[in-house]
Amino acid sequence: MDDILAVDLRRITKKFGSVVANDEVDFSVRPGEIHALLGENGAGKSTIMCMLSGVYRPTSGQIYLNNQLARIHSPKDAVKLGVGMVFQNFRLVPTLTAAENLVLGEVRPIGRTKGWMAKKTAEIEALAQKFGLGFPADRPIWQLSVGEQQRVEIVKTLYRGANLIILDEPTSVLTPGEADQLFATLLELRKERKTVILTTHKLKEVMAIADRISVMRKGKMLATLDKSATNEHEVARLMVGQDRQELKARASRPAGATILTIEDLMVPGDHGLPALDGFSMTIRQGEIVGIAGVAGNGQKELAEVLAGLRTWKRGTIRFRDDQWKGASVRQSIESGISHVPENRMKSGLAGSLGSVDNLLVKSYRSPARSRWGFLRTVGNRLWSQGLVDQFDVKTAHLDAPVHQMSGGNQQKLLFAREIHHKPHLMVAVHPTQGLDVGATDGVHNLLTGLRDEGKSVLLISEDLDELLLLSDRIVVLFGGKSMGEVTRDTADRERLGLWMAGVL
Amino acid sequence: MRIEIDPAGRESPWWVTIAAVVLAFGLVAVFIFFTGKDPSVVFAKMLGGAFGTTFGLTETLVKAIPLMLCGLGVSLAYRIQVWNIGAEGQFLVGAIAATAVTIYLPWLPGWATLPVMVIAGLVAGGIWGLFTALPKVWFNVNELIISLMLNYIGVLGLNYVVFGPWRDPKGMNFPGTPPFTDAQSLPVFGDSRLHFGLILALLAVVLVAVFVKSTRWGYELRLIGANPEAARHAGINLPRHIVVVMLLSGGLAGLAGMAEVSGVAHKLMYGISPGYGYTAIIVAWIARLNPFGIVVSSVLFGGLIVGGYSVQTIGLPSSISSLLQGAVLFFLIAGSILGKVRIRWN
């Protein structure tokens with residue numbers, strides 16, 4: 001074992017306000033190794049990477065690079081110290097060529113621009129060739145594939161002299177073929193004694209390529225394992241936690257008739273690659289079906305399809321007695337689907353408007369709320385006041401902009417609106433994200449309350465504890481496919497963890 | 001001390017608008033000081049010229065009419081974050097279309113002439129607005145660029161007809177059409193130049209105010225303006241709203257053009273608009289897109305234009321009022337940006 005450590009984090013704590021993202025984390029990486037950092041979303045991986053690359057500064061603790069105390073106060077410091085970061089969404093200028101992107105910010109000598117650029121391009125191409133990272137250096141970035149753009153990002157770090165290369169979820173945007181190519185590159189980098197840290201949630205990839213594996217959970221570093229001395233099961237168990245706390249499993253009633261049937265669904269994601277591919281599931285009346293999985297495996301797209309916001313390319317959706325022909329938000333609302341979106345302030349509420357306008361979003365077209373095209377102003381205020389009281393939303397007054405409310409009250413308002421709509425199915429995406437314990441409990445009661453009335457709930461969450469607490473069934477999504485399904489009685493954390501990481 | 005940008009981007013308080021106007025006058029006062037005049041005398045002259053006499057007041061209102069209609073038009077588009085800066089062009093094609101009625105349909109019975117001219121102005125302006133809206137919703141073309149470019153097309157179209165086919169043969173080579181008949185002119189109040197367009201404009205203000213406040217359509221605009229993504233989640237068809245709003249936005253500016261040729265100039269002529277469509281942008285913002293606020297701000301800016309004429313008598317160019325307009329906009333924008341900046345001491 002080398003005495004020198006490429007990276008050594010000592011008792012790093014990072015707080016954002018009252019939220020502790022990293023709690024006294026120790027983390028070390030040996031030079032020339034490929035080190036995988038694993039953990040569920042919100043485990044604190046990204047925070048660590050951002051501190052290494054100078055985006056954040058730790059609240060307390062020290063960072064050592066090559067056994068030297070490092071003062072990383074800005075991304076520029078990080079580059080100087082040989083740390084290069086490849087973000088999940090690339091930092092490239094689409095209209096410039098790859099070479100131009102790399103030399104961006106360099107002072108170009110006056111009077112010999114063309115020759116200088118040609119020289120730089122040649123230099124970049126040679127560097128790329130050395131690591132088997134082919135891409136056309138003289139074409140604008142927007143013409144390159146996502147895989148090629150990622151290679152540009154990697155060469156950018158090398159060009160700036162990085163010895164430590166950090167990759168955040170590098171395979172999440174790649175096709176399987178491109179991912180294989182990336183792994184070949186990483187091995188090439190290791191051969192050149194570069195140190196690589198990558199985050200991913202795909203266990204198979206980790207087992208294939210990493211030398212060592214560190215697992216984080218809820219801001220804490222749990223363990224660092226040698227790949228040769230561990231196996232998928234152990235890692236999965238660490239990731240999802242072993243603490244089998246006594247779940248206050250909420251009593252459920254036998255479920256009724258099937259209300260939603262999805263068969264062989266293919267939904268293209270934002271990048272054009274299939275986000276859901278051959279996905280099938282059913283939901284029955286009076287049950288809560290949980291969708292487990294790490295973010296980016298098709299959950300968002302599933303929710304959007306059901307809300308009528310996204311179209312699908314193949315497969316059938318049957319809700320109540322209607323076979324859907326195409327995506328339409330109106331159809332979805334009118335047929336009785338409520339949607340609590342992932343980011344309430346981004347797509348659920350209009351922050352600068354008051355409670356009345358926000359409560360009207362789903363129902364303003366109904367005769368009770370408007371007549372002959374005119375809103376029933378007085379009636380709507382009384383109705384809003386009623387809902388605000390019923391759901392115990394704390395607001396200064398009905399016209400106060402909702403961005404002034406606390407997150408919990410915003411969520412209550414959103415639930416008031418969506419439940420008032422008397423849904424047959426509620427699609428709730430991360431409904432307790434960012435809420436405190438009390439507000440979380442409130443949301444849980446609303447969801448189980450809906451189920452007890454015979455309504456159905458599709459609960460999409462990354463928090464396995466929450467899913468196990470509420471769901472009658474859990475479907476695990478991985479890579480746009482259903483990995484399997486467990487019922488409340490057969491739920492087994494370890495198996496769920498393996499499925500979430502793509503291991504059957 | 002740290003300076004931070006508040007990401008929530010709260011709306012700046014109402015007094016920022018007042019402060020912007022005051023600061024603008026302060027800045028222009030410095031300019032006037034360096035011309036060797038006494039700023040207080042100049043401002044008093046402007047104020048007296050614009051509001052001090054019946055003649056000045058009616059002239060101010062005459063200028064306020066096109067500003068009010070164009071300002072109302074652009075404010076509709078700004079409500080849903082469509083940056084229409086093409087009111088100038090929409091104004092001009094409205095004026096051209098209304099004049100076309102006088103040229104090509106002179107046989108219309110007297111009672112029908114003005115209504116047809118009003119419709120022509122509305123429709124032409126609306127179509128000009130559509131030229132901005134449709135490329136935006138079909139091809140995602142930036143509306144700032146199209147609406148601005150369409151202004152130049154409008155100006156050149158105006159120049160073509162007044163220098164070319166429509167030029168008055170008895171007009172001593174002046175680039176303008178033959179004067180309108182009485183049936184083609186909007187009635188005026190008493191013996192002033194103040195015309196019936198004021199009623200049209202105020203009517204439009206009330207209609208817009210009622211519609212944006214109390215109708216489903218107005219609610220949809222409010223939601224789109226506050227959070228387009230939330231509007232999409234509510235099943236609101238954003239492209240359709242952009243088209244309808246631009247149709248109305250252009251239509252109101254086109255109506256302003258009609259009112260100007262029919263109520264004030266009584267003919268179409270070269271340079272019919274001293275930039276009403278551009279000033280209307282400031283008028284709308286200073287009123288924070290509020291319809292009744294636009295009544296106030298358009299009278300204020302009408303007064304600025306008239307006041308600018310009156311300072312000519314003491315040897316200053318009337319462009320002092322352009323200077324003031326620009327300064328007001330500058331401070332207004334600065335205010336709304338600086339309103340998001342927080343200075344923290346720690």
# chains A, B, ... in the order shown; residues from 1 in each chain; ligands from 1
call {"tool": "residues_around", "arguments": {"residues": "region 295-309 of chain A", "least_positions_apart": "6", "cutoff": "6 Å", "atoms": "only C-alpha atoms", "output": "ChimeraX atom specification"}}
result
/A:275-276,327-329,332,478-480
call {"tool": "interface_residues", "arguments": {"of": "chain A", "to": "chain B", "cutoff": "6 Å", "atoms": "only C-alpha atoms", "output": "PDB file with C-alpha atoms, in the first residue's frame"}}
result
ATOM      1  CA  VAL A 329     -53.384  16.983 -19.612  1.00  0.00           C
ATOM      2  CA  ARG A 330     -57.067  17.826 -19.826  1.00  0.00           C
ATOM      3  CA  SER A 347     -44.332  22.814 -11.747  1.00  0.00           C
ATOM      4  CA  GLY A 348     -46.970  22.541  -9.039  1.00  0.00           C
ATOM      5  CA  ALA A 350     -47.056  29.558  -9.084  1.00  0.00           C
ATOM      6  CA  VAL A 361     -55.323  25.529 -11.124  1.00  0.00           C
ATOM      7  CA  LYS A 362     -57.076  22.210 -11.653  1.00  0.00           C
ATOM      8  CA  GLY A 373     -66.095  32.330 -18.859  1.00  0.00           C
ATOM      9  CA  PHE A 374     -66.054  34.475 -15.729  1.00  0.00           C
ATOM     10  CA  LEU A 375     -64.560  33.279 -12.471  1.00  0.00           C
TER      11      LEU A 375
END
call {"tool": "closest_residue", "arguments": {"among": "B:Val205, B:Lys136, B:Leu247, B:Ile96", "to": "Asn290 (chain B)", "atoms": "only C-alpha atoms"}}
result
B:Val205
call {"tool": "select_by_dssp", "arguments": {"residues": "region 3-206 of chain B", "states": "helix (DSSP H, G or I)", "output": "NGL selection string"}}
result
:B and (15-34 or 39-52 or 54-79 or 87-104 or 110-139 or 143-163 or 182-184 or 197-206)
call {"tool": "select_by_dssp", "arguments": {"residues": "region 22-154 of chain A", "states": "strand (DSSP E or B)", "output": "ChimeraX atom specification"}}
result
/A:22-29,34-38,60-65,68-69,83-86,97,140
call {"tool": "residues_around", "arguments": {"residues": "His195 (chain B)", "least_positions_apart": "5", "cutoff": "7 Å", "atoms": "only C-alpha atoms", "output": "number ranges by chain"}}
result
B: 186-189, 263
call {"tool": "residues_around", "arguments": {"residues": "region 494-502 of chain A", "least_positions_apart": "5", "cutoff": "12 Å", "atoms": "only C-alpha atoms", "output": "JSON, numbers by chain"}}
result
{"A": [38, 39, 40, 41, 200, 201, 202, 203, 204, 205, 206, 207, 231, 232, 233, 234, 235, 236, 237, 238, 239, 240, 241, 242, 243, 244, 290, 291, 292, 293, 294, 295, 296, 297, 462, 463, 464, 465, 467, 468, 473, 474, 475, 476, 477, 478, 479, 480, 481, 482, 483, 484, 485, 486, 487]}
call {"tool": "write_last_selection", "arguments": {"atoms": "C-alpha atoms", "output": "tab-separated table (two decimals), in the first residue's frame"}}
result
chain	number	residue	atom	x	y	z
A	38	LEU	CA	-22.11	4.72	-4.06
A	39	GLY	CA	-25.28	5.77	-2.35
A	40	GLU	CA	-28.91	6.63	-2.87
A	41	ASN	CA	-29.92	10.10	-3.93
A	200	THR	CA	-23.09	5.62	-10.13
A	201	HIS	CA	-25.98	3.60	-8.87
A	202	LYS	CA	-25.48	0.72	-11.26
A	203	LEU	CA	-23.92	-2.03	-9.22
A	204	LYS	CA	-22.93	-4.12	-12.21
A	205	GLU	CA	-20.82	-1.30	-13.57
A	206	VAL	CA	-19.20	-0.80	-10.22
A	207	MET	CA	-18.32	-4.45	-9.86
A	231	ASN	CA	-19.98	-8.84	-3.55
A	232	GLU	CA	-23.08	-7.23	-4.95
A	233	HIS	CA	-25.23	-8.37	-2.06
A	234	GLU	CA	-23.08	-6.80	0.59
A	235	VAL	CA	-22.89	-3.51	-1.26
A	236	ALA	CA	-26.63	-3.39	-1.92
A	237	ARG	CA	-27.32	-4.12	1.74
A	238	LEU	CA	-25.08	-1.26	2.79
A	239	MET	CA	-26.71	1.12	0.35
A	240	VAL	CA	-30.28	0.61	1.45
A	241	GLY	CA	-29.46	0.11	5.12
A	242	GLN	CA	-29.89	-2.85	7.36
A	243	ASP	CA	-31.74	-1.10	10.10
A	244	ARG	CA	-34.89	-3.13	10.03
A	290	GLY	CA	-44.88	2.34	-4.71
A	291	ILE	CA	-42.34	2.85	-7.45
A	292	ALA	CA	-38.84	2.34	-6.11
A	293	GLY	CA	-35.68	3.10	-7.98
A	294	VAL	CA	-32.82	5.52	-8.19
A	295	ALA	CA	-33.65	8.82	-9.90
A	296	GLY	CA	-33.35	8.77	-13.65
A	297	ASN	CA	-34.63	5.27	-14.27
A	462	GLU	CA	-36.49	7.37	-3.55
A	463	ASP	CA	-36.93	6.80	0.14
A	464	LEU	CA	-37.24	3.06	0.63
A	465	ASP	CA	-38.43	3.52	4.21
A	467	LEU	CA	-42.25	3.14	0.33
A	468	LEU	CA	-42.17	0.23	2.75
A	473	ARG	CA	-47.09	-3.24	-3.47
A	474	ILE	CA	-43.72	-2.00	-4.65
A	475	VAL	CA	-42.53	-2.06	-8.25
A	476	VAL	CA	-38.83	-1.48	-8.83
A	477	LEU	CA	-37.82	0.53	-11.88
A	478	PHE	CA	-34.37	0.18	-13.35
A	479	GLY	CA	-33.30	1.38	-16.78
A	480	GLY	CA	-36.91	1.97	-17.78
A	481	LYS	CA	-37.98	-1.57	-17.02
A	482	SER	CA	-39.74	-3.17	-14.13
A	483	MET	CA	-37.21	-5.31	-12.28
A	484	GLY	CA	-39.89	-7.00	-10.26
A	485	GLU	CA	-42.66	-6.48	-7.82
A	486	VAL	CA	-43.12	-7.28	-4.15
A	487	THR	CA	-46.16	-7.08	-1.93
call {"tool": "atom_distance", "arguments": {"atom1": "CA of Thr199 (chain A)", "atom2": "CA of Arg11 (chain A)"}}
result
20.3 Å
call {"tool": "atom_distance", "arguments": {"atom1": "CA of Thr279 (chain B)", "atom2": "CA of Leu316 (chain B)"}}
result
20.9 Å
call {"tool": "closest_residue", "arguments": {"among": "B:Pro239, B:Gly49, B:Gly190, B:Gly271", "to": "Phe174 (chain B)", "atoms": "only C-alpha atoms"}}
result
B:Gly271
call {"tool": "atom_distance", "arguments": {"atom1": "CA of Cys70 (chain B)", "atom2": "CA of Leu268 (chain B)"}}
result
18.2 Å
call {"tool": "residues_around", "arguments": {"residues": "Glu24 (chain A)", "least_positions_apart": "4", "cutoff": "12 Å", "atoms": "only C-alpha atoms", "output": "compact mmCIF listing (two decimals) with N, CA and C atoms, in the first residue's frame"}}
result
# COMPACT_ATOMS: atom_id res chain seq x y z
N LEU A 9 -10.04 12.96 2.72
CA LEU A 9 -10.95 13.87 3.40
C LEU A 9 -10.98 13.48 4.86
N ARG A 10 -10.79 14.44 5.74
CA ARG A 10 -10.78 14.13 7.17
C ARG A 10 -11.89 14.88 7.88
N ARG A 11 -12.79 14.12 8.44
CA ARG A 11 -13.89 14.66 9.24
C ARG A 11 -14.57 15.85 8.57
N ILE A 12 -14.97 15.61 7.32
CA ILE A 12 -15.62 16.69 6.56
C ILE A 12 -17.10 16.75 6.93
N THR A 13 -17.53 17.94 7.31
CA THR A 13 -18.95 18.18 7.54
C THR A 13 -19.38 19.32 6.65
N LYS A 14 -20.52 19.15 6.00
CA LYS A 14 -21.06 20.23 5.19
C LYS A 14 -22.52 20.41 5.54
N LYS A 15 -22.85 21.62 5.94
CA LYS A 15 -24.25 21.92 6.28
C LYS A 15 -24.79 22.94 5.30
N VAL A 20 -27.83 18.73 7.18
CA VAL A 20 -26.46 18.21 7.18
C VAL A 20 -26.30 17.28 5.99
N GLY A 44 -25.25 12.21 -0.15
CA GLY A 44 -24.15 13.14 0.07
C GLY A 44 -22.99 12.97 -0.89
N ILE A 48 -19.77 15.81 -1.76
CA ILE A 48 -18.34 15.51 -1.67
C ILE A 48 -17.63 15.90 -2.95
N PRO A 58 -16.28 23.06 2.56
CA PRO A 58 -16.78 22.33 3.72
C PRO A 58 -17.03 23.27 4.89
N THR A 59 -18.02 22.91 5.72
CA THR A 59 -18.28 23.68 6.92
C THR A 59 -17.16 23.44 7.93
N SER A 60 -16.72 22.19 8.04
CA SER A 60 -15.55 21.91 8.87
C SER A 60 -14.85 20.67 8.33
N GLY A 61 -13.60 20.48 8.75
CA GLY A 61 -12.83 19.33 8.28
C GLY A 61 -11.80 19.76 7.24
N GLN A 62 -10.89 18.84 6.93
CA GLN A 62 -9.80 19.18 6.01
C GLN A 62 -9.81 18.25 4.80
N MET A 216 -22.06 5.46 0.86
CA MET A 216 -22.59 6.51 1.74
C MET A 216 -24.08 6.31 1.93
N LYS A 218 -27.30 8.65 3.90
CA LYS A 218 -27.79 9.75 4.72
C LYS A 218 -26.65 10.61 5.27
N GLY A 219 -25.73 10.99 4.40
CA GLY A 219 -24.69 11.93 4.78
C GLY A 219 -23.50 11.31 5.49
N LYS A 220 -23.55 10.04 5.77
CA LYS A 220 -22.46 9.39 6.50
C LYS A 220 -21.72 8.44 5.58
N MET A 221 -20.41 8.30 5.82
CA MET A 221 -19.62 7.32 5.09
C MET A 221 -19.72 6.00 5.86
N LEU A 222 -20.24 4.98 5.21
CA LEU A 222 -20.45 3.72 5.92
C LEU A 222 -19.24 2.82 5.86
call {"tool": "residues_around", "arguments": {"residues": "Gly449 (chain A)", "least_positions_apart": "2", "cutoff": "12 Å", "atoms": "only C-alpha atoms", "output": "list in words"}}
result
Arg250, Ala251, Ser252, Arg253, Gly286, Glu287, Ile288, Ile419, Met426, Asp441, Gly442, Val443, His444, Asn445, Leu446, Leu447, Arg451, Asp452, Glu453, Gly454, Lys455, Ser456, Val457 and Leu470 of chain A
call {"tool": "write_last_selection", "arguments": {"atoms": "C-alpha atoms", "output": "mmCIF file, in the first residue's frame"}}
result
data_model
loop_
_atom_site.group_PDB
_atom_site.id
_atom_site.type_symbol
_atom_site.label_atom_id
_atom_site.label_comp_id
_atom_site.auth_asym_id
_atom_site.auth_seq_id
_atom_site.Cartn_x
_atom_site.Cartn_y
_atom_site.Cartn_z
ATOM 1 C CA ARG A 250 -50.421 0.821 7.912
ATOM 2 C CA ALA A 251 -53.290 -1.571 7.676
ATOM 3 C CA SER A 252 -54.698 -1.923 4.234
ATOM 4 C CA ARG A 253 -57.959 -3.239 2.938
ATOM 5 C CA GLY A 286 -57.838 1.127 -2.923
ATOM 6 C CA GLU A 287 -54.152 0.365 -3.043
ATOM 7 C CA ILE A 288 -50.957 2.307 -2.838
ATOM 8 C CA ILE A 419 -57.461 15.861 -3.211
ATOM 9 C CA MET A 426 -53.201 10.151 -7.347
ATOM 10 C CA ASP A 441 -46.533 12.491 8.655
ATOM 11 C CA GLY A 442 -49.315 14.740 7.463
ATOM 12 C CA VAL A 443 -48.659 13.821 3.838
ATOM 13 C CA HIS A 444 -48.534 10.126 4.723
ATOM 14 C CA ASN A 445 -51.918 10.403 6.427
ATOM 15 C CA LEU A 446 -53.403 12.110 3.386
ATOM 16 C CA LEU A 447 -52.145 9.322 1.123
ATOM 17 C CA ARG A 451 -56.514 4.678 -0.100
ATOM 18 C CA ASP A 452 -58.987 4.032 2.705
ATOM 19 C CA GLU A 453 -61.619 5.829 0.660
ATOM 20 C CA GLY A 454 -61.010 3.304 -2.107
ATOM 21 C CA LYS A 455 -58.865 5.600 -4.241
ATOM 22 C CA SER A 456 -55.569 4.511 -5.736
ATOM 23 C CA VAL A 457 -52.166 6.059 -5.230
ATOM 24 C CA LEU A 470 -47.036 3.111 2.868
#
